[in-house]
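Below is protein-v5.cif, holding mmCIF, C-alpha atoms.
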```cif
data_entry
#
loop_
_atom_site.label_atom_id
_atom_site.label_comp_id
_atom_site.auth_asym_id
_atom_site.auth_seq_id
_atom_site.Cartn_x
_atom_site.Cartn_y
_atom_site.Cartn_z
CA MET A 1 -29.60 50.02 15.42
CA ALA A 2 -29.22 52.82 17.98
CA THR A 3 -25.56 53.43 18.84
CA SER A 4 -24.02 56.29 20.82
CA ALA A 5 -22.91 59.56 19.21
CA SER A 6 -19.37 59.14 20.54
CA ALA A 7 -19.04 55.84 18.68
CA THR A 8 -19.24 57.75 15.41
CA LEU A 9 -16.18 59.88 16.26
CA SER A 10 -13.03 58.96 14.34
CA LYS A 11 -11.00 56.40 16.27
CA ALA A 12 -8.13 56.94 13.79
CA VAL A 13 -7.86 60.58 14.86
CA LYS A 14 -7.88 59.57 18.53
CA GLN A 15 -5.11 57.06 17.83
CA GLN A 16 -2.75 59.86 16.73
CA TYR A 17 -2.89 61.26 20.25
CA MET A 18 -2.75 57.89 22.02
CA GLU A 19 0.61 57.26 20.31
CA LEU A 20 2.20 60.38 21.82
CA PRO A 21 4.85 59.71 24.51
CA GLN A 22 3.81 60.20 28.13
CA GLY A 23 6.99 61.87 29.36
CA GLY A 24 7.66 59.24 32.01
CA LYS A 25 4.30 59.78 33.69
CA VAL A 26 1.69 57.06 34.29
CA GLN A 27 -2.11 57.28 34.07
CA ALA A 28 -3.95 55.32 36.77
CA MET A 29 -7.69 54.82 36.32
CA TYR A 30 -9.36 54.36 39.71
CA ILE A 31 -12.52 52.20 39.52
CA TRP A 32 -15.20 51.78 42.20
CA ILE A 33 -18.69 50.40 42.77
CA ASP A 34 -21.31 53.11 43.22
CA GLY A 35 -24.29 53.30 45.59
CA THR A 36 -26.48 51.06 43.42
CA GLY A 37 -24.24 48.07 44.20
CA GLU A 38 -24.00 47.26 40.48
CA GLY A 39 -22.91 50.44 38.68
CA LEU A 40 -19.22 51.22 38.17
CA ARG A 41 -17.53 54.64 38.21
CA CYS A 42 -13.99 55.66 37.28
CA LYS A 43 -11.62 58.60 37.13
CA THR A 44 -7.94 59.02 36.29
CA ARG A 45 -4.95 60.58 37.99
CA THR A 46 -1.33 61.04 36.95
CA LEU A 47 1.46 59.27 38.82
CA ASP A 48 5.13 60.23 38.59
CA SER A 49 6.30 56.64 38.07
CA GLU A 50 4.91 53.19 37.39
CA PRO A 51 3.46 51.63 40.56
CA LYS A 52 4.81 48.16 41.30
CA SER A 53 2.29 47.24 44.00
CA ILE A 54 -0.90 48.46 45.69
CA GLU A 55 1.24 50.15 48.35
CA ASP A 56 2.60 52.52 45.68
CA LEU A 57 -0.88 53.88 44.92
CA PRO A 58 -2.20 56.88 46.87
CA GLU A 59 -5.67 57.06 48.42
CA TRP A 60 -8.02 59.41 46.59
CA ASN A 61 -11.48 60.88 47.08
CA PHE A 62 -14.64 61.69 45.12
CA ASP A 63 -18.06 63.33 45.45
CA GLY A 64 -20.34 60.68 46.92
CA SER A 65 -23.44 62.84 46.49
CA SER A 66 -23.17 62.24 42.73
CA THR A 67 -22.84 58.44 42.99
CA TYR A 68 -25.77 57.70 45.36
CA GLN A 69 -23.30 57.30 48.23
CA ALA A 70 -23.50 60.49 50.31
CA GLU A 71 -25.46 63.69 50.84
CA GLY A 72 -24.25 67.01 49.44
CA SER A 73 -23.54 68.54 52.84
CA ASN A 74 -21.01 65.81 53.69
CA SER A 75 -20.09 64.31 50.35
CA ASP A 76 -16.41 63.33 50.48
CA MET A 77 -15.81 59.59 50.07
CA TYR A 78 -12.41 57.89 49.97
CA LEU A 79 -10.98 55.47 47.41
CA ILE A 80 -8.67 52.83 48.88
CA PRO A 81 -6.72 50.96 46.16
CA ALA A 82 -7.36 47.20 46.47
CA ALA A 83 -6.24 45.52 43.23
CA MET A 84 -4.16 46.66 40.26
CA PHE A 85 -4.27 45.53 36.61
CA ARG A 86 -2.65 46.57 33.34
CA ASP A 87 -4.70 49.07 31.35
CA PRO A 88 -5.73 47.54 27.97
CA PHE A 89 -7.11 50.87 26.68
CA ARG A 90 -4.10 53.12 27.34
CA LYS A 91 -1.66 50.19 27.46
CA ASP A 92 1.54 49.86 29.53
CA PRO A 93 2.74 51.42 31.78
CA ASN A 94 -0.78 52.66 32.62
CA LYS A 95 -2.96 50.93 35.21
CA LEU A 96 -6.51 50.06 36.18
CA VAL A 97 -6.97 50.32 39.95
CA LEU A 98 -9.97 48.67 41.61
CA CYS A 99 -10.80 50.48 44.85
CA GLU A 100 -12.78 50.00 48.03
CA VAL A 101 -14.96 52.93 49.09
CA ILE A 102 -14.99 54.24 52.66
CA LYS A 103 -16.94 57.12 54.18
CA TYR A 104 -15.76 60.31 55.87
CA ASN A 105 -15.63 58.45 59.22
CA ARG A 106 -13.41 55.70 57.69
CA LYS A 107 -16.24 53.14 57.85
CA PRO A 108 -17.03 51.11 54.68
CA ALA A 109 -19.67 52.45 52.31
CA GLU A 110 -22.93 50.45 52.25
CA THR A 111 -22.04 48.87 48.90
CA ASN A 112 -18.44 48.09 49.90
CA LEU A 113 -18.96 44.34 50.36
CA ARG A 114 -15.28 43.65 49.70
CA ILE A 115 -14.17 44.50 53.20
CA THR A 116 -16.21 41.76 54.97
CA CYS A 117 -15.67 39.31 52.10
CA ASN A 118 -11.91 39.70 52.52
CA LYS A 119 -12.24 39.10 56.27
CA MET A 120 -14.14 35.84 55.66
CA MET A 121 -11.62 34.68 53.05
CA ARG A 122 -8.75 35.22 55.48
CA MET A 123 -10.57 33.17 58.14
CA VAL A 124 -10.73 30.13 55.81
CA SER A 125 -7.52 30.63 53.82
CA ASP A 126 -6.17 27.26 55.00
CA GLN A 127 -9.03 25.54 53.11
CA HIS A 128 -8.03 27.23 49.82
CA PRO A 129 -11.50 28.13 48.50
CA TRP A 130 -11.58 28.33 44.70
CA PHE A 131 -14.31 30.01 42.68
CA GLY A 132 -15.20 30.27 39.02
CA MET A 133 -18.03 32.59 37.93
CA GLU A 134 -19.92 32.43 34.63
CA GLN A 135 -20.96 35.98 33.78
CA GLU A 136 -23.90 36.24 31.37
CA TYR A 137 -24.80 39.58 29.78
CA THR A 138 -26.88 41.02 26.96
CA ILE A 139 -25.69 43.50 24.33
CA LEU A 140 -28.21 46.33 23.87
CA GLY A 141 -28.42 49.36 21.62
CA THR A 142 -28.50 52.75 23.37
CA ASP A 143 -32.32 52.60 23.05
CA GLY A 144 -32.40 49.45 25.22
CA HIS A 145 -33.29 47.17 22.28
CA PRO A 146 -31.21 43.95 22.04
CA PHE A 147 -28.37 44.25 19.55
CA GLY A 148 -29.20 42.79 16.13
CA TRP A 149 -32.88 42.17 16.89
CA PRO A 150 -35.41 43.43 14.31
CA SER A 151 -36.51 46.96 15.23
CA ASN A 152 -40.21 46.08 15.26
CA GLY A 153 -40.22 42.46 16.33
CA PHE A 154 -38.31 39.45 17.51
CA PRO A 155 -35.70 37.10 16.05
CA GLY A 156 -36.50 33.42 15.52
CA PRO A 157 -37.11 31.38 18.69
CA GLN A 158 -34.26 30.14 20.90
CA GLY A 159 -32.42 27.05 19.74
CA PRO A 160 -29.74 27.95 17.16
CA TYR A 161 -27.99 30.72 19.10
CA TYR A 162 -26.19 28.96 22.00
CA CYS A 163 -22.52 28.64 20.93
CA GLY A 164 -23.79 29.60 17.47
CA VAL A 165 -21.71 30.53 14.43
CA GLY A 166 -22.83 32.74 11.54
CA ALA A 167 -24.25 36.23 11.08
CA ASP A 168 -27.81 34.99 11.63
CA LYS A 169 -26.91 33.31 14.95
CA ALA A 170 -24.09 35.26 16.66
CA TYR A 171 -24.93 38.92 17.32
CA GLY A 172 -21.96 41.11 18.33
CA ARG A 173 -18.96 38.77 18.32
CA ASP A 174 -16.55 41.69 17.71
CA ILE A 175 -17.35 42.98 21.21
CA VAL A 176 -16.76 39.54 22.74
CA GLU A 177 -13.39 39.11 21.00
CA ALA A 178 -12.24 42.61 21.98
CA HIS A 179 -13.28 42.06 25.60
CA TYR A 180 -11.56 38.66 25.81
CA ARG A 181 -8.24 40.00 24.53
CA ALA A 182 -8.45 43.12 26.71
CA CYS A 183 -9.00 40.95 29.81
CA LEU A 184 -6.00 38.75 28.95
CA TYR A 185 -3.84 41.85 28.49
CA ALA A 186 -5.03 43.33 31.80
CA GLY A 187 -4.19 40.17 33.74
CA VAL A 188 -7.80 39.23 34.47
CA ASN A 189 -8.11 35.45 34.95
CA ILE A 190 -10.70 35.05 32.18
CA CYS A 191 -10.93 31.39 31.16
CA GLY A 192 -13.50 31.25 28.37
CA THR A 193 -16.46 32.71 26.50
CA ASN A 194 -19.47 31.57 24.48
CA ALA A 195 -22.67 32.79 22.85
CA GLU A 196 -25.71 32.14 25.04
CA VAL A 197 -29.24 30.82 24.48
CA MET A 198 -30.89 34.17 23.74
CA PRO A 199 -29.62 36.05 20.67
CA ALA A 200 -27.38 39.02 21.66
CA GLN A 201 -26.69 37.28 24.98
CA TRP A 202 -23.15 36.12 25.75
CA GLU A 203 -21.16 34.69 28.63
CA PHE A 204 -17.59 34.88 29.82
CA GLN A 205 -16.06 32.85 32.63
CA VAL A 206 -13.53 34.06 35.20
CA GLY A 207 -11.57 31.62 37.35
CA PRO A 208 -10.43 29.58 39.02
CA CYS A 209 -9.66 32.35 41.50
CA GLU A 210 -8.79 31.82 45.16
CA GLY A 211 -10.45 33.88 47.87
CA ILE A 212 -10.90 37.62 47.36
CA ASP A 213 -9.39 37.45 43.85
CA MET A 214 -12.73 36.17 42.53
CA GLY A 215 -14.55 39.40 43.25
CA ASP A 216 -11.64 41.57 42.16
CA HIS A 217 -11.20 39.86 38.79
CA LEU A 218 -14.92 39.69 37.97
CA TRP A 219 -15.52 43.36 38.75
CA VAL A 220 -12.57 44.42 36.58
CA ALA A 221 -13.76 42.10 33.78
CA ARG A 222 -17.16 43.83 33.98
CA PHE A 223 -15.52 47.26 33.88
CA ILE A 224 -13.52 46.27 30.78
CA LEU A 225 -16.71 45.02 29.11
CA HIS A 226 -18.48 48.32 29.76
CA ARG A 227 -15.52 50.23 28.32
CA VAL A 228 -15.30 48.00 25.22
CA CYS A 229 -19.03 48.42 24.61
CA GLU A 230 -18.61 52.18 25.04
CA ASP A 231 -16.05 52.17 22.22
CA PHE A 232 -18.49 50.25 19.99
CA GLY A 233 -21.37 52.56 20.94
CA VAL A 234 -23.52 49.85 22.55
CA VAL A 235 -24.47 48.86 26.11
CA ALA A 236 -23.71 45.74 28.16
CA SER A 237 -26.65 44.85 30.40
CA PHE A 238 -26.39 42.56 33.42
CA ASP A 239 -30.15 42.67 34.00
CA PRO A 240 -31.21 39.14 35.02
CA LYS A 241 -34.29 39.19 32.77
CA PRO A 242 -33.78 41.85 30.08
CA ILE A 243 -36.56 40.57 27.80
CA PRO A 244 -39.77 39.23 29.38
CA GLY A 245 -41.48 36.19 27.96
CA ASN A 246 -40.05 33.05 26.39
CA TRP A 247 -36.40 34.17 26.46
CA ASN A 248 -33.64 33.03 28.79
CA GLY A 249 -32.62 35.31 31.62
CA ALA A 250 -29.03 36.09 32.61
CA GLY A 251 -27.28 34.60 35.61
CA CYS A 252 -23.83 34.38 37.14
CA HIS A 253 -23.45 30.67 37.96
CA THR A 254 -20.83 30.27 40.67
CA ASN A 255 -18.58 27.21 40.88
CA PHE A 256 -17.05 26.52 44.27
CA SER A 257 -14.61 24.06 45.81
CA THR A 258 -12.21 23.68 48.70
CA LYS A 259 -8.95 21.72 48.94
CA GLU A 260 -10.89 18.90 50.65
CA MET A 261 -13.50 18.78 47.85
CA ARG A 262 -10.82 18.59 45.17
CA GLU A 263 -9.02 15.64 46.80
CA ASP A 264 -9.96 11.95 46.61
CA GLY A 265 -13.30 11.28 48.27
CA GLY A 266 -14.15 14.99 48.17
CA LEU A 267 -17.73 14.26 47.08
CA LYS A 268 -18.68 13.83 50.76
CA ALA A 269 -17.55 17.39 51.54
CA ILE A 270 -19.52 18.61 48.49
CA GLU A 271 -22.66 16.81 49.69
CA ASP A 272 -22.17 18.17 53.23
CA SER A 273 -22.00 21.72 51.84
CA ILE A 274 -25.13 21.21 49.74
CA GLU A 275 -26.95 19.97 52.86
CA LYS A 276 -25.95 23.18 54.69
CA LEU A 277 -27.05 25.31 51.72
CA SER A 278 -30.44 23.57 51.64
CA LYS A 279 -31.18 24.90 55.14
CA ARG A 280 -30.24 28.51 54.29
CA HIS A 281 -31.94 29.12 50.94
CA ASN A 282 -33.55 32.47 51.83
CA TYR A 283 -30.29 33.96 53.11
CA HIS A 284 -28.55 33.10 49.84
CA ILE A 285 -31.37 34.42 47.65
CA ARG A 286 -31.08 37.75 49.48
CA ALA A 287 -27.30 37.82 48.91
CA TYR A 288 -27.48 36.86 45.24
CA ASP A 289 -28.72 40.10 43.68
CA PRO A 290 -28.36 43.79 44.64
CA LYS A 291 -32.08 44.16 45.46
CA GLY A 292 -32.29 41.37 48.03
CA GLY A 293 -33.88 38.85 45.66
CA LEU A 294 -36.30 41.11 43.78
CA ASP A 295 -34.23 41.08 40.58
CA ASN A 296 -33.81 37.32 40.69
CA ALA A 297 -37.55 36.79 41.17
CA ARG A 298 -38.01 37.78 37.51
CA ARG A 299 -35.43 35.16 36.45
CA LEU A 300 -35.74 32.18 38.83
CA THR A 301 -39.13 30.92 37.66
CA GLY A 302 -38.39 27.21 37.23
CA HIS A 303 -38.32 27.71 33.45
CA HIS A 304 -35.53 28.58 30.99
CA GLU A 305 -32.87 26.50 32.76
CA THR A 306 -33.55 27.96 36.22
CA SER A 307 -34.81 26.66 39.55
CA ASN A 308 -37.81 28.15 41.35
CA ILE A 309 -36.78 31.02 43.66
CA HIS A 310 -38.96 29.64 46.49
CA GLU A 311 -37.55 26.10 46.50
CA PHE A 312 -34.09 24.62 47.04
CA SER A 313 -33.03 21.72 44.83
CA ALA A 314 -29.85 19.88 43.88
CA GLY A 315 -28.95 17.26 41.31
CA VAL A 316 -26.26 15.76 39.11
CA ALA A 317 -26.12 17.48 35.68
CA ASN A 318 -29.49 19.14 36.37
CA ARG A 319 -29.66 22.67 34.97
CA GLY A 320 -33.10 23.18 36.50
CA ALA A 321 -31.74 22.84 40.06
CA SER A 322 -30.44 25.40 42.54
CA ILE A 323 -27.19 23.44 42.86
CA ARG A 324 -25.75 21.31 40.04
CA ILE A 325 -23.10 18.64 40.60
CA PRO A 326 -21.34 18.18 37.23
CA ARG A 327 -21.58 14.65 35.81
CA ASN A 328 -17.79 14.07 35.91
CA VAL A 329 -17.67 15.16 39.58
CA GLY A 330 -20.29 12.54 40.45
CA GLN A 331 -18.23 9.92 38.64
CA GLU A 332 -14.80 10.89 40.02
CA LYS A 333 -16.24 11.58 43.49
CA ARG A 334 -14.29 14.81 43.85
CA GLY A 335 -14.20 18.30 42.38
CA TYR A 336 -16.66 21.17 42.78
CA PHE A 337 -20.33 22.15 42.65
CA GLU A 338 -22.18 24.92 40.81
CA ASP A 339 -24.61 27.31 42.51
CA ARG A 340 -26.95 28.40 39.69
CA ARG A 341 -28.90 30.97 41.73
CA PRO A 342 -26.77 34.17 41.58
CA SER A 343 -28.15 36.74 39.14
CA ALA A 344 -26.08 38.37 36.40
CA ASN A 345 -25.96 41.63 38.36
CA CYS A 346 -24.90 40.03 41.65
CA ASP A 347 -21.99 41.36 43.65
CA PRO A 348 -19.37 38.57 43.53
CA TYR A 349 -18.05 39.66 46.93
CA GLY A 350 -21.50 39.06 48.44
CA VAL A 351 -21.96 35.72 46.65
CA THR A 352 -18.57 34.26 47.56
CA GLU A 353 -18.85 35.52 51.14
CA ALA A 354 -22.27 33.84 51.54
CA LEU A 355 -20.86 30.52 50.30
CA ILE A 356 -17.96 30.74 52.76
CA ARG A 357 -20.23 31.61 55.69
CA THR A 358 -22.63 28.72 55.09
CA CYS A 359 -20.35 25.98 53.77
CA LEU A 360 -17.13 26.58 55.73
CA LEU A 361 -18.07 28.65 58.79
CA ASN A 362 -21.22 26.55 59.36
CA GLU A 363 -23.49 29.54 59.90
CA GLU A 364 -27.23 28.96 60.17
CA GLY A 365 -30.33 31.15 60.04
CA ASP A 366 -31.30 34.11 57.88
CA GLU A 367 -28.70 36.60 59.15
CA PRO A 368 -24.88 36.57 58.86
CA THR A 369 -22.85 36.14 62.04
CA ASP A 370 -20.80 39.10 63.25
CA TYR A 371 -17.22 38.05 64.07
#
```

Would you kindly transcribe this structure into structure tokens?
Amino acid sequence: MATSASATLSKAVKQQYMELPQGGKVQAMYIWIDGTGEGLRCKTRTLDSEPKSIEDLPEWNFDGSSTYQAEGSNSDMYLIPAAMFRDPFRKDPNKLVLCEVIKYNRKPAETNLRITCNKMMRMVSDQHPWFGMEQEYTILGTDGHPFGWPSNGFPGPQGPYYCGVGADKAYGRDIVEAHYRACLYAGVNICGTNAEVMPAQWEFQVGPCEGIDMGDHLWVARFILHRVCEDFGVVASFDPKPIPGNWNGAGCHTNFSTKEMREDGGLKAIEDSIEKLSKRHNYHIRAYDPKGGLDNARRLTGHHETSNIHEFSAGVANRGASIRIPRNVGQEKRGYFEDRRPSANCDPYGVTEALIRTCLLNEEGDEPTDY
């Protein structure tokens, strides 16, 4: 099993230093999305006192030419603090700070989807949109081979691994447990976790979150997962189809509701939204992975609990449909629906914004409206 060299360093020795007092200072780790739209970057600065709100955090900058976000001759990019969490690695009073990225001219970077997402969420705040996202991922060795798989072959076929228990079924539970607890400590609204269908594949769920919080909490949960895996010397992959062939891909199923949908008789509002989504399938496919649908094309084949990327479908309790209405929602005639199309490496800001535009702002056609 290929693990990183840094994972072999003594964590006990490191702990001696982590227990030293900080002299009243606070470490703030600034986190941002790089030019790929899926990679995360971070760096740390010292603050003189513990920040109590976003307003207490200074703007910062970084070299965008090294993150696929700028050219070397004009490389300064700015970090605008957007959401703050407790730091589970350095512990209190230290912070994780999720940032928006803007360019030298104060316009948003190309992969800063938060800024328009936040605008849409404010426009529909009276409808109280709730989201819950189910983040699937695969644990890999540093050589790209799935964690726990035989070095020259494959494990037994899918079947015993989903929600499995036992060393021959659950590969890498220590990472999952560490990530779960770290998210709870940080204040991320993580609501569950389970082993997935493919061995070494897992899922965690974040939500319910209202509005812009969905994107903020999922991105920070992803960052924490990458950091936990770094400590264990392995890699978390959000690739939507990490292993070709008869193995499940990885998605980020997105559950969505409004106040109207959650109230008595809300099923009609759910069905109205699904009707709107059916007429805008291509727009959503483009918004649901960072490569405009190319990543998802490897996953959405109509097999392995997915719908076909070229066709829109909906059904009660149907995991082979684009949109699933849970069985209990059909019976109670209120609740939420699940969009099963977003890929594991989607940008949650882009996904939630697309749902708002189509379902609540009644947009039509293949392009978003400019407000």

Using the chain letters and residue numbers of this document, give as a VMD selection string the residues selected by the PyMOL selection byres ((chain A and resi 369) around 12). chain A and resid 116 120 283 353 to 354 356 to 358 361 to 368 370 to 371

Can you build me a table of range 123-218 of chain A residues sitting at most 6 Å from range 256-265 of chain A, with the closest atom pair per residue and its distance in Å to one decimal, using only C-alpha atoms, sorted by chain and residue number, as a tab-separated table?
```
residue	atom	partner	partner_atom	distance
A:Gln127	CA	A:Lys259	CA	5.7
A:His128	CA	A:Thr258	CA	5.6
A:Pro129	CA	A:Thr258	CA	4.5
A:Trp130	CA	A:Ser257	CA	5.4
A:Phe131	CA	A:Phe256	CA	4.7
```

Can you turn the PyMOL selection byres ((chain A and resi 29) around 9) into a concrete residue list for this file, as a ChimeraX atom specification? /A:27-28,30-31,42-46,87,94-98

Since we have the selection now, will you write its residues out, keeping C-alpha atoms, as a PDB file, keeping the file's coordinate frame?
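Listed below is the output, out29.pdb:
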```
ATOM      1  CA  GLN A  27      -2.110  57.280  34.070  1.00  0.00           C
ATOM      2  CA  ALA A  28      -3.950  55.320  36.770  1.00  0.00           C
ATOM      3  CA  TYR A  30      -9.360  54.360  39.710  1.00  0.00           C
ATOM      4  CA  ILE A  31     -12.520  52.200  39.520  1.00  0.00           C
ATOM      5  CA  CYS A  42     -13.990  55.660  37.280  1.00  0.00           C
ATOM      6  CA  LYS A  43     -11.620  58.600  37.130  1.00  0.00           C
ATOM      7  CA  THR A  44      -7.940  59.020  36.290  1.00  0.00           C
ATOM      8  CA  ARG A  45      -4.950  60.580  37.990  1.00  0.00           C
ATOM      9  CA  THR A  46      -1.330  61.040  36.950  1.00  0.00           C
ATOM     10  CA  ASP A  87      -4.700  49.070  31.350  1.00  0.00           C
ATOM     11  CA  ASN A  94      -0.780  52.660  32.620  1.00  0.00           C
ATOM     12  CA  LYS A  95      -2.960  50.930  35.210  1.00  0.00           C
ATOM     13  CA  LEU A  96      -6.510  50.060  36.180  1.00  0.00           C
ATOM     14  CA  VAL A  97      -6.970  50.320  39.950  1.00  0.00           C
ATOM     15  CA  LEU A  98      -9.970  48.670  41.610  1.00  0.00           C
TER      16      LEU A  98
END
```

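In this structure, CA of Arg90 in chain A sits 21.5 Å away from CA of Ala5 in chain A.
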
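Taking CA of Ala287 in chain A and CA of Asn112 in chain A as endpoints, the distance between them is 13.6 Å.
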
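Counting all atoms listed in the file and comparing A:Phe337, A:Trp202, A:Tyr104, A:Trp60, the residue that lies closest to Tyr180 in chain A is A:Trp202.
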
For CA of Leu79 in chain A and CA of Tyr185 in chain A, determine how far apart the two atoms are, in Å to one decimal place. 24.4 Å

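Taking all atoms listed in the file into account, Arg280 in chain A lies nearest to A:Glu311 out of the set A:Gly72, A:Asn246, A:Glu311, A:Ser4.
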
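Compared by their closest atoms to Met18 in chain A, and using only C-alpha atoms, the residues A:Asn74, A:Phe238, A:Gly211, A:Phe89 rank with A:Phe89 nearest.
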
Step by step, work through what the PyMOL selection byres ((chain A and resi 146) around 10) selects in the shown file, and finish by giving those residues as a ChimeraX atom specification. /A:1-2,138-145,147-151,154,171,198-201,234-237,242-243

Restricted to C-alpha atoms, what would the selected residues look like written as a tab-separated table (two decimals), in the coordinates of the input?
```
chain	number	residue	atom	x	y	z
A	1	MET	CA	-29.60	50.02	15.42
A	2	ALA	CA	-29.22	52.82	17.98
A	138	THR	CA	-26.88	41.02	26.96
A	139	ILE	CA	-25.69	43.50	24.33
A	140	LEU	CA	-28.21	46.33	23.87
A	141	GLY	CA	-28.42	49.36	21.62
A	142	THR	CA	-28.50	52.75	23.37
A	143	ASP	CA	-32.32	52.60	23.05
A	144	GLY	CA	-32.40	49.45	25.22
A	145	HIS	CA	-33.29	47.17	22.28
A	147	PHE	CA	-28.37	44.25	19.55
A	148	GLY	CA	-29.20	42.79	16.13
A	149	TRP	CA	-32.88	42.17	16.89
A	150	PRO	CA	-35.41	43.43	14.31
A	151	SER	CA	-36.51	46.96	15.23
A	154	PHE	CA	-38.31	39.45	17.51
A	171	TYR	CA	-24.93	38.92	17.32
A	198	MET	CA	-30.89	34.17	23.74
A	199	PRO	CA	-29.62	36.05	20.67
A	200	ALA	CA	-27.38	39.02	21.66
A	201	GLN	CA	-26.69	37.28	24.98
A	234	VAL	CA	-23.52	49.85	22.55
A	235	VAL	CA	-24.47	48.86	26.11
A	236	ALA	CA	-23.71	45.74	28.16
A	237	SER	CA	-26.65	44.85	30.40
A	242	PRO	CA	-33.78	41.85	30.08
A	243	ILE	CA	-36.56	40.57	27.80
```

Nearest to Cys117 in chain A by atom-to-atom distance, counting all atoms listed in the file, from A:Val329, A:Val351, A:Cys183, A:Cys191: A:Val351

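Within 8 Å of the point (-8.2, 45.8, 22.4) in file coordinates, and counting all atoms listed in the file, lie the residues Pro88, Phe89, Ala178, His179, Arg181, Ala182 and Val228 of chain A.
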
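Using all atoms listed in the file for every distance, the candidate list A:Cys252, A:Val316, A:Leu277, A:Ala70 yields A:Cys252 as the residue closest to Asn296 in chain A.
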
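When all atoms listed in the file are used to compute distances to Pro244 in chain A, the closest of the residues A:Asn189, A:Arg299, A:Arg327, A:Ser273 turns out to be A:Arg299.
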
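Excluding Leu113 in chain A itself and any same-chain residue fewer than 5 positions from it, the protein and nucleic acid residues within 12 Å of it, counting all atoms listed in the file, are A:Trp32, A:Ile33, A:Asp34, A:Gly35, A:Gly37, A:Glu38, A:Cys99, A:Glu100, A:Val101, A:Ile102, A:Lys107, A:Pro108, A:Asn118, A:Lys119, A:Met120, A:Ile212, A:Gly215, A:Asp216, A:Ala287, A:Pro290, A:Cys346, A:Asp347, A:Pro348, A:Tyr349, A:Gly350, A:Val351, A:Thr352, A:Glu353, A:Ala354.
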
Now that the selection is made, can you save its residues with C-alpha atoms as an mmCIF file, in the coordinates of the input?
```
data_model
loop_
_atom_site.group_PDB
_atom_site.id
_atom_site.type_symbol
_atom_site.label_atom_id
_atom_site.label_comp_id
_atom_site.auth_asym_id
_atom_site.auth_seq_id
_atom_site.Cartn_x
_atom_site.Cartn_y
_atom_site.Cartn_z
ATOM 1 C CA TRP A 32 -15.200 51.780 42.200
ATOM 2 C CA ILE A 33 -18.690 50.400 42.770
ATOM 3 C CA ASP A 34 -21.310 53.110 43.220
ATOM 4 C CA GLY A 35 -24.290 53.300 45.590
ATOM 5 C CA GLY A 37 -24.240 48.070 44.200
ATOM 6 C CA GLU A 38 -24.000 47.260 40.480
ATOM 7 C CA CYS A 99 -10.800 50.480 44.850
ATOM 8 C CA GLU A 100 -12.780 50.000 48.030
ATOM 9 C CA VAL A 101 -14.960 52.930 49.090
ATOM 10 C CA ILE A 102 -14.990 54.240 52.660
ATOM 11 C CA LYS A 107 -16.240 53.140 57.850
ATOM 12 C CA PRO A 108 -17.030 51.110 54.680
ATOM 13 C CA ASN A 118 -11.910 39.700 52.520
ATOM 14 C CA LYS A 119 -12.240 39.100 56.270
ATOM 15 C CA MET A 120 -14.140 35.840 55.660
ATOM 16 C CA ILE A 212 -10.900 37.620 47.360
ATOM 17 C CA GLY A 215 -14.550 39.400 43.250
ATOM 18 C CA ASP A 216 -11.640 41.570 42.160
ATOM 19 C CA ALA A 287 -27.300 37.820 48.910
ATOM 20 C CA PRO A 290 -28.360 43.790 44.640
ATOM 21 C CA CYS A 346 -24.900 40.030 41.650
ATOM 22 C CA ASP A 347 -21.990 41.360 43.650
ATOM 23 C CA PRO A 348 -19.370 38.570 43.530
ATOM 24 C CA TYR A 349 -18.050 39.660 46.930
ATOM 25 C CA GLY A 350 -21.500 39.060 48.440
ATOM 26 C CA VAL A 351 -21.960 35.720 46.650
ATOM 27 C CA THR A 352 -18.570 34.260 47.560
ATOM 28 C CA GLU A 353 -18.850 35.520 51.140
ATOM 29 C CA ALA A 354 -22.270 33.840 51.540
#
```

Could you write out as lines of an AutoDock Vina configuration file the box around range 49-68 of chain A (axis-aligned, all atoms listed in the file, 3 Å on each side), with centre and edge lengths in Å to one decimal?
```
center_x = -9.7
center_y = 55.3
center_z = 42.9
size_x = 38.1
size_y = 22.1
size_z = 17.0
```

Skip Arg340 in chain A itself and residues of its chain fewer than 6 positions away, then list as a PyMOL selection string all residues within 12 Å of it, counting only C-alpha atoms. chain A and resi 132-136+250-256+284-285+288+296+299-300+302+305-309+312-315+317-326+346+351

Pull the neighbourhood of (-39.3, 33.1, 19.2) for me: all residues within 10 Å in file coordinates, counting all atoms listed in the file, as number ranges by chain. A: 153-159, 198, 245-247
